[in-house]
$ cat data26.pdb   # PDB, C-alpha atoms and all ligand atoms
MODEL        1
ATOM      1  CA  MET A   1      -5.954  15.570 -10.960
ATOM      2  CA  LYS A   2      -4.260  16.692  -7.760
ATOM      3  CA  HIS A   3      -6.463  16.507  -4.667
ATOM      4  CA  SER A   4      -6.983  19.599  -2.619
ATOM      5  CA  GLY A   5      -8.609  19.554   0.794
ATOM      6  CA  MET A   6      -5.868  17.844   2.765
ATOM      7  CA  SER A   7      -2.169  18.661   2.636
ATOM      8  CA  GLU A   8       0.725  16.213   2.779
ATOM      9  CA  ASP A   9       1.667  17.705   6.171
ATOM     10  CA  GLU A  10      -1.731  16.684   7.487
ATOM     11  CA  VAL A  11      -1.331  13.209   6.016
ATOM     12  CA  ALA A  12       2.043  12.919   7.765
ATOM     13  CA  ARG A  13       0.459  13.902  11.086
ATOM     14  CA  TYR A  14      -2.153  11.157  10.767
ATOM     15  CA  TRP A  15       0.526   8.557  10.038
ATOM     16  CA  ASP A  16       2.736   9.811  12.875
ATOM     17  CA  GLU A  17      -0.250   9.140  15.141
ATOM     18  CA  ASN A  18      -0.756   5.664  13.656
ATOM     19  CA  ALA A  19       2.931   4.736  13.738
ATOM     20  CA  ASP A  20       3.268   3.183  17.216
ATOM     21  CA  SER A  21       0.281   0.928  16.952
ATOM     22  CA  TRP A  22       0.861   0.151  13.241
ATOM     23  CA  SER A  23       4.470  -0.943  13.782
ATOM     24  CA  ASP A  24       3.635  -3.017  16.818
ATOM     25  CA  GLN A  25       0.741  -4.861  15.163
ATOM     26  CA  VAL A  26       2.361  -5.363  11.746
ATOM     27  CA  ARG A  27       5.453  -6.800  13.412
ATOM     28  CA  LYS A  28       3.289  -9.173  15.450
ATOM     29  CA  GLY A  29       1.659 -10.421  12.221
ATOM     30  CA  TRP A  30      -1.855  -9.047  12.848
ATOM     31  CA  ASP A  31      -2.123  -7.517   9.371
ATOM     32  CA  TYR A  32      -3.771 -10.683   8.005
ATOM     33  CA  TYR A  33      -4.444  -9.265   4.527
ATOM     34  CA  ARG A  34      -0.715  -8.631   4.195
ATOM     35  CA  GLU A  35       0.279 -12.012   5.585
ATOM     36  CA  TYR A  36      -2.231 -14.245   3.804
ATOM     37  CA  LEU A  37      -3.172 -12.427   0.602
ATOM     38  CA  ASN A  38      -1.105  -9.444  -0.434
ATOM     39  CA  ASN A  39       2.435 -10.399   0.363
ATOM     40  CA  PRO A  40       2.287 -13.838  -1.226
ATOM     41  CA  ALA A  41       0.524 -12.479  -4.340
ATOM     42  CA  PHE A  42       2.305  -9.150  -4.735
ATOM     43  CA  LEU A  43       5.803 -10.495  -4.077
ATOM     44  CA  ARG A  44       5.124 -13.085  -6.791
ATOM     45  CA  PHE A  45       3.911 -10.270  -9.080
ATOM     46  CA  ILE A  46       7.128  -8.282  -8.462
ATOM     47  CA  GLY A  47       9.437 -11.233  -9.082
ATOM     48  CA  ASP A  48      13.137 -11.295  -8.306
ATOM     49  CA  LEU A  49      14.766  -7.929  -7.580
ATOM     50  CA  ALA A  50      18.025  -9.332  -6.191
ATOM     51  CA  GLY A  51      21.007  -7.090  -6.960
ATOM     52  CA  LYS A  52      18.779  -4.210  -8.164
ATOM     53  CA  ARG A  53      18.656  -0.667  -6.768
ATOM     54  CA  VAL A  54      15.090  -0.450  -5.501
ATOM     55  CA  LEU A  55      13.104   2.426  -4.021
ATOM     56  CA  ASP A  56      10.188   1.579  -1.707
ATOM     57  CA  ALA A  57       7.746   4.507  -2.006
ATOM     58  CA  GLY A  58       5.713   4.909   1.193
ATOM     59  CA  CYS A  59       7.690   2.231   3.034
ATOM     60  CA  GLY A  60       6.129   2.825   6.470
ATOM     61  CA  GLU A  61       8.020   1.122   9.295
ATOM     62  CA  GLY A  62       9.847  -0.932   6.666
ATOM     63  CA  HIS A  63       8.378  -4.409   7.067
ATOM     64  CA  ASN A  64       8.316  -5.145   3.335
ATOM     65  CA  THR A  65      11.446  -3.093   2.625
ATOM     66  CA  ARG A  66      13.297  -5.512   4.874
ATOM     67  CA  LEU A  67      11.746  -8.528   3.130
ATOM     68  CA  LEU A  68      13.111  -7.307  -0.218
ATOM     69  CA  ALA A  69      16.505  -6.415   1.299
ATOM     70  CA  ARG A  70      16.777  -9.920   2.761
ATOM     71  CA  SER A  71      16.132 -11.364  -0.681
ATOM     72  CA  GLY A  72      19.052  -9.405  -2.097
ATOM     73  CA  ALA A  73      17.637  -6.080  -3.357
ATOM     74  CA  ARG A  74      19.567  -2.885  -2.560
ATOM     75  CA  MET A  75      16.821  -0.984  -0.799
ATOM     76  CA  THR A  76      16.028   2.667  -0.147
ATOM     77  CA  GLY A  77      12.787   3.527   1.626
ATOM     78  CA  VAL A  78      10.945   6.852   1.672
ATOM     79  CA  ASP A  79       7.976   7.801   3.775
ATOM     80  CA  ILE A  80       6.302  11.052   4.695
ATOM     81  CA  SER A  81       5.893  10.047   8.347
ATOM     82  CA  ARG A  82       8.924  10.819  10.481
ATOM     83  CA  LYS A  83       7.616   8.530  13.192
ATOM     84  CA  MET A  84       7.226   5.560  10.832
ATOM     85  CA  LEU A  85      10.805   6.023   9.703
ATOM     86  CA  GLU A  86      12.044   6.192  13.304
ATOM     87  CA  PHE A  87      10.700   2.659  13.701
ATOM     88  CA  ALA A  88      12.240   1.608  10.389
ATOM     89  CA  ARG A  89      15.648   3.054  11.276
ATOM     90  CA  ALA A  90      15.633   1.501  14.754
ATOM     91  CA  GLU A  91      15.100  -1.873  13.128
ATOM     92  CA  GLU A  92      17.906  -1.175  10.640
ATOM     93  CA  GLN A  93      20.210  -0.483  13.597
ATOM     94  CA  ARG A  94      19.138  -3.695  15.303
ATOM     95  CA  GLU A  95      19.539  -5.815  12.164
ATOM     96  CA  PRO A  96      21.546  -3.917   9.519
ATOM     97  CA  LEU A  97      20.411  -4.796   5.994
ATOM     98  CA  GLY A  98      22.001  -1.813   4.234
ATOM     99  CA  ILE A  99      18.688   0.045   3.839
ATOM    100  CA  ARG A 100      18.734   3.829   3.464
ATOM    101  CA  TYR A 101      15.652   5.658   4.719
ATOM    102  CA  GLU A 102      14.642   9.243   3.848
ATOM    103  CA  VAL A 103      11.732  11.255   5.209
ATOM    104  CA  THR A 104      10.116  12.686   2.098
ATOM    105  CA  SER A 105       6.983  12.465   0.015
ATOM    106  CA  PHE A 106       6.901  10.065  -2.901
ATOM    107  CA  SER A 107       5.666  13.113  -4.830
ATOM    108  CA  ASP A 108       8.957  14.922  -4.143
ATOM    109  CA  LEU A 109      11.991  12.705  -4.617
ATOM    110  CA  SER A 110      14.386  15.628  -5.124
ATOM    111  CA  SER A 111      16.968  14.034  -2.802
ATOM    112  CA  PHE A 112      17.509  11.385  -5.514
ATOM    113  CA  PRO A 113      19.172  11.998  -8.891
ATOM    114  CA  ASP A 114      17.551  11.103 -12.203
ATOM    115  CA  ALA A 115      17.771   7.439 -13.220
ATOM    116  CA  SER A 116      19.115   6.316  -9.855
ATOM    117  CA  PHE A 117      16.892   3.216  -9.401
ATOM    118  CA  ASP A 118      16.332   0.018 -11.378
ATOM    119  CA  ALA A 119      12.888  -0.481  -9.843
ATOM    120  CA  VAL A 120      10.388   1.312  -7.643
ATOM    121  CA  VAL A 121       7.956  -0.660  -5.495
ATOM    122  CA  SER A 122       5.083   0.690  -3.468
ATOM    123  CA  PHE A 123       3.021  -1.431  -1.097
ATOM    124  CA  MET A 124      -0.449  -0.061  -0.338
ATOM    125  CA  ALA A 125       0.597   3.581  -0.170
ATOM    126  CA  LEU A 126      -0.084   5.500  -3.391
ATOM    127  CA  MET A 127      -3.824   5.875  -2.673
ATOM    128  CA  ASP A 128      -2.832   7.550   0.607
ATOM    129  CA  GLY A 129      -1.222  10.636  -0.957
ATOM    130  CA  PRO A 130      -2.971  13.651  -2.535
ATOM    131  CA  ASP A 131      -0.718  13.946  -5.585
ATOM    132  CA  PHE A 132      -0.562  10.779  -7.693
ATOM    133  CA  GLU A 133       0.488  12.770 -10.780
ATOM    134  CA  GLY A 134       3.462  14.175  -8.845
ATOM    135  CA  ALA A 135       4.348  10.711  -7.553
ATOM    136  CA  ALA A 136       4.185   9.196 -11.054
ATOM    137  CA  ARG A 137       6.345  12.039 -12.451
ATOM    138  CA  GLU A 138       8.962  11.733  -9.715
ATOM    139  CA  ILE A 139       9.066   7.942  -9.844
ATOM    140  CA  PHE A 140       9.453   8.091 -13.634
ATOM    141  CA  ARG A 141      12.343  10.553 -13.225
ATOM    142  CA  VAL A 142      14.290   8.481 -10.680
ATOM    143  CA  LEU A 143      13.867   5.239 -12.674
ATOM    144  CA  ARG A 144      16.512   4.379 -15.247
ATOM    145  CA  ALA A 145      15.346   3.684 -18.787
ATOM    146  CA  GLY A 146      13.936   0.170 -18.790
ATOM    147  CA  GLY A 147      13.280   0.378 -15.054
ATOM    148  CA  GLU A 148       9.888  -0.633 -13.664
ATOM    149  CA  LEU A 149       7.337   0.543 -11.133
ATOM    150  CA  PHE A 150       5.333  -2.088  -9.236
ATOM    151  CA  PHE A 151       2.562  -0.921  -6.940
ATOM    152  CA  SER A 152      -0.349  -2.278  -4.951
ATOM    153  CA  ILE A 153      -3.323  -0.163  -3.911
ATOM    154  CA  THR A 154      -6.793  -0.754  -2.536
ATOM    155  CA  HIS A 155      -8.947  -1.457  -5.575
ATOM    156  CA  PRO A 156     -10.393   1.881  -6.708
ATOM    157  CA  CYS A 157     -13.569   0.283  -8.121
ATOM    158  CA  PHE A 158     -14.561  -1.799  -5.103
ATOM    159  CA  ASN A 159     -12.957  -0.203  -2.062
ATOM    160  CA  THR A 160     -14.802   3.074  -2.571
ATOM    161  CA  LYS A 161     -15.831   5.523   0.098
ATOM    162  CA  GLY A 162     -19.314   4.003   0.190
ATOM    163  CA  TYR A 163     -18.487   0.294   0.093
ATOM    164  CA  SER A 164     -19.998  -2.126   2.571
ATOM    165  CA  TRP A 165     -21.133  -5.743   2.928
ATOM    166  CA  THR A 166     -24.740  -6.723   3.191
ATOM    167  CA  VAL A 167     -25.437  -9.492   5.698
ATOM    168  CA  ASP A 168     -27.897 -12.336   5.330
ATOM    169  CA  ALA A 169     -30.453 -13.461   7.922
ATOM    170  CA  ASP A 170     -27.760 -15.520   9.728
ATOM    171  CA  ASP A 171     -25.418 -12.564   9.886
ATOM    172  CA  ASN A 172     -23.110 -14.019   7.225
ATOM    173  CA  PRO A 173     -21.580 -11.615   4.741
ATOM    174  CA  GLY A 174     -23.746 -11.459   1.638
ATOM    175  CA  LYS A 175     -22.961  -9.141  -1.261
ATOM    176  CA  LEU A 176     -20.621  -6.245  -1.651
ATOM    177  CA  THR A 177     -22.270  -2.902  -2.287
ATOM    178  CA  VAL A 178     -20.309  -0.050  -3.816
ATOM    179  CA  SER A 179     -21.136   3.634  -4.079
ATOM    180  CA  ASP A 180     -19.447   7.025  -4.472
ATOM    181  CA  TYR A 181     -17.048   5.659  -7.089
ATOM    182  CA  PHE A 182     -16.678   9.054  -8.756
ATOM    183  CA  SER A 183     -16.241  11.030  -5.535
ATOM    184  CA  ASP A 184     -12.855  12.735  -5.427
ATOM    185  CA  GLN A 185     -13.224  14.026  -1.885
ATOM    186  CA  PRO A 186     -10.466  12.906   0.508
ATOM    187  CA  PHE A 187     -11.786  11.182   3.609
ATOM    188  CA  VAL A 188     -10.405   9.578   6.748
ATOM    189  CA  GLU A 189     -10.996   5.842   7.050
ATOM    190  CA  ARG A 190     -11.012   4.252  10.504
ATOM    191  CA  TRP A 191     -10.332   0.548  10.869
ATOM    192  CA  LYS A 192      -8.456  -2.030  12.916
ATOM    193  CA  PHE A 193      -6.498  -5.201  12.319
ATOM    194  CA  SER A 194      -9.489  -7.226  13.463
ATOM    195  CA  LYS A 195      -7.529 -10.492  13.859
ATOM    196  CA  ASN A 196      -5.493  -9.015  16.677
ATOM    197  CA  PRO A 197      -6.886 -10.855  19.729
ATOM    198  CA  ASP A 198      -6.444  -7.630  21.663
ATOM    199  CA  SER A 199      -8.258  -5.602  19.011
ATOM    200  CA  LYS A 200     -11.056  -4.509  21.391
ATOM    201  CA  HIS A 201      -8.503  -2.567  23.410
ATOM    202  CA  VAL A 202      -6.718  -1.001  20.444
ATOM    203  CA  ASP A 203      -7.810   2.307  18.913
ATOM    204  CA  PRO A 204      -8.620   2.220  15.206
ATOM    205  CA  PHE A 205      -6.143   3.709  12.751
ATOM    206  CA  ALA A 206      -7.171   7.009  11.164
ATOM    207  CA  ILE A 207      -6.069   6.883   7.545
ATOM    208  CA  PRO A 208      -6.544   9.670   5.008
ATOM    209  CA  VAL A 209      -7.579   8.275   1.618
ATOM    210  CA  PHE A 210      -7.561  10.127  -1.709
ATOM    211  CA  PRO A 211     -10.035   8.426  -4.033
ATOM    212  CA  ARG A 212      -9.361   8.140  -7.759
ATOM    213  CA  THR A 213     -11.036   6.220 -10.525
ATOM    214  CA  LEU A 214      -9.298   3.432 -12.377
ATOM    215  CA  THR A 215      -9.211   5.742 -15.401
ATOM    216  CA  GLN A 216      -7.315   8.375 -13.424
ATOM    217  CA  TYR A 217      -4.655   5.887 -12.315
ATOM    218  CA  VAL A 218      -4.114   4.454 -15.789
ATOM    219  CA  THR A 219      -4.319   7.795 -17.611
ATOM    220  CA  THR A 220      -1.783   9.355 -15.255
ATOM    221  CA  LEU A 221       0.670   6.526 -15.837
ATOM    222  CA  ILE A 222       0.280   6.758 -19.612
ATOM    223  CA  GLN A 223       0.503  10.559 -19.698
ATOM    224  CA  THR A 224       3.664  10.428 -17.576
ATOM    225  CA  GLY A 225       5.311   8.215 -20.182
ATOM    226  CA  PHE A 226       4.988   4.802 -18.558
ATOM    227  CA  VAL A 227       4.145   1.699 -20.546
ATOM    228  CA  LEU A 228       1.650  -0.442 -18.671
ATOM    229  CA  LYS A 229       3.030  -3.988 -18.574
ATOM    230  CA  ALA A 230       0.706  -5.930 -16.293
ATOM    231  CA  ILE A 231      -2.169  -5.627 -13.901
ATOM    232  CA  GLU A 232      -3.427  -8.152 -11.369
ATOM    233  CA  GLU A 233      -6.499  -8.342  -9.169
ATOM    234  CA  PRO A 234      -5.475 -10.913  -6.557
ATOM    235  CA  ARG A 235      -8.053 -13.592  -5.829
ATOM    236  CA  PRO A 236      -7.569 -15.946  -2.880
ATOM    237  CA  SER A 237      -7.214 -19.599  -3.902
ATOM    238  CA  GLU A 238      -9.724 -22.230  -2.769
ATOM    239  CA  GLU A 239      -7.056 -23.683  -0.469
ATOM    240  CA  ALA A 240      -6.377 -20.267   1.083
ATOM    241  CA  CYS A 241     -10.119 -19.800   1.685
ATOM    242  CA  LYS A 242     -10.372 -23.207   3.372
ATOM    243  CA  GLU A 243      -7.573 -22.230   5.703
ATOM    244  CA  HIS A 244      -8.829 -18.644   6.146
ATOM    245  CA  PRO A 245     -12.615 -18.565   5.637
ATOM    246  CA  TRP A 246     -12.658 -14.775   6.140
ATOM    247  CA  LEU A 247     -11.032 -14.556   2.680
ATOM    248  CA  GLN A 248     -13.940 -16.352   0.946
ATOM    249  CA  ARG A 249     -15.929 -13.209   0.151
ATOM    250  CA  TRP A 250     -12.901 -11.807  -1.677
ATOM    251  CA  ARG A 251     -12.897 -14.939  -3.798
ATOM    252  CA  ASP A 252     -16.647 -14.962  -4.434
ATOM    253  CA  HIS A 253     -17.587 -11.338  -5.040
ATOM    254  CA  ALA A 254     -14.829  -8.833  -5.734
ATOM    255  CA  THR A 255     -11.173  -8.076  -5.269
ATOM    256  CA  LEU A 256      -9.964  -5.768  -2.529
ATOM    257  CA  PHE A 257      -6.615  -4.906  -4.136
ATOM    258  CA  LEU A 258      -5.137  -3.914  -7.481
ATOM    259  CA  TYR A 259      -1.540  -4.376  -8.646
ATOM    260  CA  MET A 260       0.110  -2.572 -11.550
ATOM    261  CA  ARG A 261       3.446  -2.920 -13.258
ATOM    262  CA  ALA A 262       4.594  -0.072 -15.510
ATOM    263  CA  ALA A 263       7.901   0.426 -17.303
ATOM    264  CA  LYS A 264       9.924   3.517 -18.235
ATOM    265  CA  PRO A 265      10.767   2.913 -21.898
TER     266      PRO A 265
HETATM  267  C1  LIG B   1      -0.833   1.648   4.478
HETATM  268  S1  LIG B   1       0.751   2.276   4.914
HETATM  269  C2  LIG B   1       1.811   1.125   4.083
HETATM  270  C3  LIG B   1       3.220   1.168   4.588
HETATM  271  C4  LIG B   1       4.158   0.132   4.007
HETATM  272  N1  LIG B   1       4.294   0.250   2.570
HETATM  273  C5  LIG B   1       3.737  -1.254   4.393
HETATM  274  O1  LIG B   1       3.431  -2.054   3.499
HETATM  275  O2  LIG B   1       3.708  -1.538   5.590
HETATM  276  C6  LIG B   1       0.868   3.746   3.903
HETATM  277  C7  LIG B   1       2.155   4.529   4.103
HETATM  278  O3  LIG B   1       2.197   5.569   3.122
HETATM  279  C8  LIG B   1       2.805   6.692   3.718
HETATM  280  N2  LIG B   1       2.493   7.886   2.916
HETATM  281  C9  LIG B   1       1.290   8.500   2.744
HETATM  282  N3  LIG B   1       1.444   9.545   1.907
HETATM  283  C10 LIG B   1       2.730   9.578   1.535
HETATM  284  C11 LIG B   1       3.488  10.419   0.674
HETATM  285  N4  LIG B   1       2.938  11.445   0.027
HETATM  286  N5  LIG B   1       4.799  10.148   0.507
HETATM  287  C12 LIG B   1       5.390   9.102   1.157
HETATM  288  N6  LIG B   1       4.728   8.283   2.000
HETATM  289  C13 LIG B   1       3.405   8.506   2.176
HETATM  290  C14 LIG B   1       2.262   6.704   5.127
HETATM  291  O4  LIG B   1       3.032   7.489   5.990
HETATM  292  C15 LIG B   1       2.275   5.208   5.460
HETATM  293  O5  LIG B   1       3.476   4.844   6.067
ENDMDL
END
$ encode --input "data26.pdb" --output "structure tokens"
Amino acid sequence: MKHSGMSEDEVARYWDENADSWSDQVRKGWDYYREYLNNPAFLRFIGDLAGKRVLDAGCGEGHNTRLLARSGARMTGVDISRKMLEFARAEEQREPLGIRYEVTSFSDLSSFPDASFDAVVSFMALMDGPDFEGAAREIFRVLRAGGELFFSITHPCFNTKGYSWTVDADDNPGKLTVSDYFSDQPFVERWKFSKNPDSKHVDPFAIPVFPRTLTQYVTTLIQTGFVLKAIEEPRPSEEACKEHPWLQRWRDHATLFLYMRAAKP
């Protein structure tokens, strides 16, 4: 199902607006979920891509694209936000890693020939576009036979439009409540990197989200021709929770993220 209600041009405008603040804060390490949960877990999930031709779909300002390039992958990054890619390209000029960046949607990869990548990765981006079917089709086309797609998204079953935490009498987080799981209406989420000590003075990001059910993600992959190889729902370890108590609720109650690995036969 392709979402209507918000165009890709509108999505790009939102991300252009976010780009300055996003790049600054991600580069300063204030995206704690990336630093302390997702990157350790998802990079382990992806494994070694050294020497491979890899497309990063929805690469943003290129933080993780650069991580993979430094570990030996031959990286190309695409993003729909021109502004995000300006930051990515400026960094490539400052520290050349051989990364090619293209402004385009991951649902329209027509600037790349068929079978031109060994792997496609996507970090927390595919839930932010209206056309997952188009993205799956295009990614499948640009992968070589035997190539694999690895992506992370916010978990469609828990991070729904209506999710929130209850609090107990002492103001501690209690249980996760979830609602609106079946809603397919795009909405704009507003949030901050709350660990930024300057967060009070920083405007929240405005992020368009296109909700889908787990069934829609998996069915789209299967109908496109992918073979699902692995899924993971990252759970912080006890040690990580001791060091970062804010992670505890994501160990005790639910998982915030979902990873999938799918192969082109
Ligand atoms: C949450 S950010 C993640 C960026 C990057 N992957 C990272 O880990 O820092 C989501 C990114 O997806 C991009 N995006 C949203 N829709 C897109 C689309 N249809 N095609 C390509 N990029 C898109 C946004 O511009 C934004 O840079």
$ resolve_selection --input "data26.pdb" --expression "the PyMOL selection byres (((chain A and resi 203-211) around 8) and not hetatm)" --output "PyMOL selection string"
chain A and resi 3+11+14-15+18+22+127-130+156+160-161+183-192+199-202+212-213
$ closest_residue --input "data26.pdb" --among "A:Gln93, A:Ser107, A:Asn39, A:Gln25" --to "ligand LIG 1 (chain B)" --atoms "all atoms listed in the file"
A:Ser107
$ atom_distance --input "data26.pdb" --atom1 "atom CA of A:Gly134" --atom2 "atom CA of A:Asn159"
22.9 Å
$ resolve_selection --input "data26.pdb" --expression "the PyMOL selection byres (((chain A and resi 26-29) around 10) and not hetatm)" --output "list in words"
Ser21, Trp22, Ser23, Asp24, Gln25, Trp30, Asp31, Tyr32, Tyr33, Arg34, Glu35, Glu61, Gly62, His63, Phe193, Lys195 and Asn196 of chain A
$ resolve_selection --input "data26.pdb" --expression "the PyMOL selection byres (((chain A and resi 174) around 12) and not hetatm)" --output "list in words"
Ser164, Trp165, Thr166, Val167, Asp168, Ala169, Asp170, Asp171, Asn172, Pro173, Lys175, Leu176, Thr177, Gln248, Arg249, Trp250, Asp252, His253 and Ala254 of chain A
$ write_last_selection --input "data26.pdb" --atoms "C-alpha atoms" --output "PDB file, in the frame of the given file"
ATOM      1  CA  SER A 164     -19.998  -2.126   2.571  1.00  0.00           C
ATOM      2  CA  TRP A 165     -21.133  -5.743   2.928  1.00  0.00           C
ATOM      3  CA  THR A 166     -24.740  -6.723   3.191  1.00  0.00           C
ATOM      4  CA  VAL A 167     -25.437  -9.492   5.698  1.00  0.00           C
ATOM      5  CA  ASP A 168     -27.897 -12.336   5.330  1.00  0.00           C
ATOM      6  CA  ALA A 169     -30.453 -13.461   7.922  1.00  0.00           C
ATOM      7  CA  ASP A 170     -27.760 -15.520   9.728  1.00  0.00           C
ATOM      8  CA  ASP A 171     -25.418 -12.564   9.886  1.00  0.00           C
ATOM      9  CA  ASN A 172     -23.110 -14.019   7.225  1.00  0.00           C
ATOM     10  CA  PRO A 173     -21.580 -11.615   4.741  1.00  0.00           C
ATOM     11  CA  LYS A 175     -22.961  -9.141  -1.261  1.00  0.00           C
ATOM     12  CA  LEU A 176     -20.621  -6.245  -1.651  1.00  0.00           C
ATOM     13  CA  THR A 177     -22.270  -2.902  -2.287  1.00  0.00           C
ATOM     14  CA  GLN A 248     -13.940 -16.352   0.946  1.00  0.00           C
ATOM     15  CA  ARG A 249     -15.929 -13.209   0.151  1.00  0.00           C
ATOM     16  CA  TRP A 250     -12.901 -11.807  -1.677  1.00  0.00           C
ATOM     17  CA  ASP A 252     -16.647 -14.962  -4.434  1.00  0.00           C
ATOM     18  CA  HIS A 253     -17.587 -11.338  -5.040  1.00  0.00           C
ATOM     19  CA  ALA A 254     -14.829  -8.833  -5.734  1.00  0.00           C
TER      20      ALA A 254
END
$ closest_residue --input "data26.pdb" --among "A:Ile139, A:Ala41, A:Val78, A:Leu97" --to "A:Leu258" --atoms "only C-alpha atoms"
A:Ala41
$ build_atoms --input "data26.pdb" --residues "stretch 45-59 of chain A" --atoms "N, CA, C and O atoms" --output "short mmCIF file (atom, residue, chain, number, x, y, z; two decimals), in the frame of the given file"
data_model
loop_
_atom_site.label_atom_id
_atom_site.label_comp_id
_atom_site.auth_asym_id
_atom_site.auth_seq_id
_atom_site.Cartn_x
_atom_site.Cartn_y
_atom_site.Cartn_z
N PHE A 45 4.13 -11.21 -7.97
CA PHE A 45 3.91 -10.27 -9.08
C PHE A 45 5.19 -9.48 -9.38
O PHE A 45 5.54 -9.24 -10.53
N ILE A 46 5.90 -9.07 -8.30
CA ILE A 46 7.13 -8.28 -8.46
C ILE A 46 8.26 -9.13 -9.05
O ILE A 46 9.05 -8.66 -9.88
N GLY A 47 8.35 -10.37 -8.62
CA GLY A 47 9.44 -11.23 -9.08
C GLY A 47 10.74 -10.93 -8.37
O GLY A 47 10.75 -10.28 -7.32
N ASP A 48 11.83 -11.35 -8.97
CA ASP A 48 13.14 -11.30 -8.31
C ASP A 48 13.81 -9.94 -8.53
O ASP A 48 14.08 -9.57 -9.67
N LEU A 49 14.09 -9.23 -7.45
CA LEU A 49 14.77 -7.93 -7.58
C LEU A 49 16.19 -7.99 -7.01
O LEU A 49 16.80 -6.95 -6.76
N ALA A 50 16.69 -9.19 -6.80
CA ALA A 50 18.02 -9.33 -6.19
C ALA A 50 19.06 -8.56 -7.01
O ALA A 50 19.08 -8.62 -8.24
N GLY A 51 19.92 -7.82 -6.31
CA GLY A 51 21.01 -7.09 -6.96
C GLY A 51 20.58 -5.75 -7.53
O GLY A 51 21.41 -4.93 -7.93
N LYS A 52 19.25 -5.48 -7.55
CA LYS A 52 18.78 -4.21 -8.16
C LYS A 52 18.70 -3.09 -7.13
O LYS A 52 18.51 -3.34 -5.94
N ARG A 53 18.84 -1.85 -7.63
CA ARG A 53 18.66 -0.67 -6.77
C ARG A 53 17.16 -0.37 -6.76
O ARG A 53 16.60 -0.04 -7.80
N VAL A 54 16.56 -0.52 -5.57
CA VAL A 54 15.09 -0.45 -5.50
C VAL A 54 14.66 0.61 -4.49
O VAL A 54 15.16 0.66 -3.37
N LEU A 55 13.71 1.44 -4.92
CA LEU A 55 13.10 2.43 -4.02
C LEU A 55 11.74 1.91 -3.57
O LEU A 55 10.94 1.48 -4.40
N ASP A 56 11.50 1.93 -2.25
CA ASP A 56 10.19 1.58 -1.71
C ASP A 56 9.47 2.89 -1.36
O ASP A 56 9.85 3.59 -0.42
N ALA A 57 8.44 3.21 -2.14
CA ALA A 57 7.75 4.51 -2.01
C ALA A 57 6.58 4.38 -1.02
O ALA A 57 5.61 3.69 -1.30
N GLY A 58 6.72 5.05 0.14
CA GLY A 58 5.71 4.91 1.19
C GLY A 58 5.98 3.64 1.97
O GLY A 58 5.09 2.80 2.15
N CYS A 59 7.22 3.51 2.47
CA CYS A 59 7.69 2.23 3.03
C CYS A 59 7.19 1.98 4.45
O CYS A 59 7.36 0.89 4.98
#
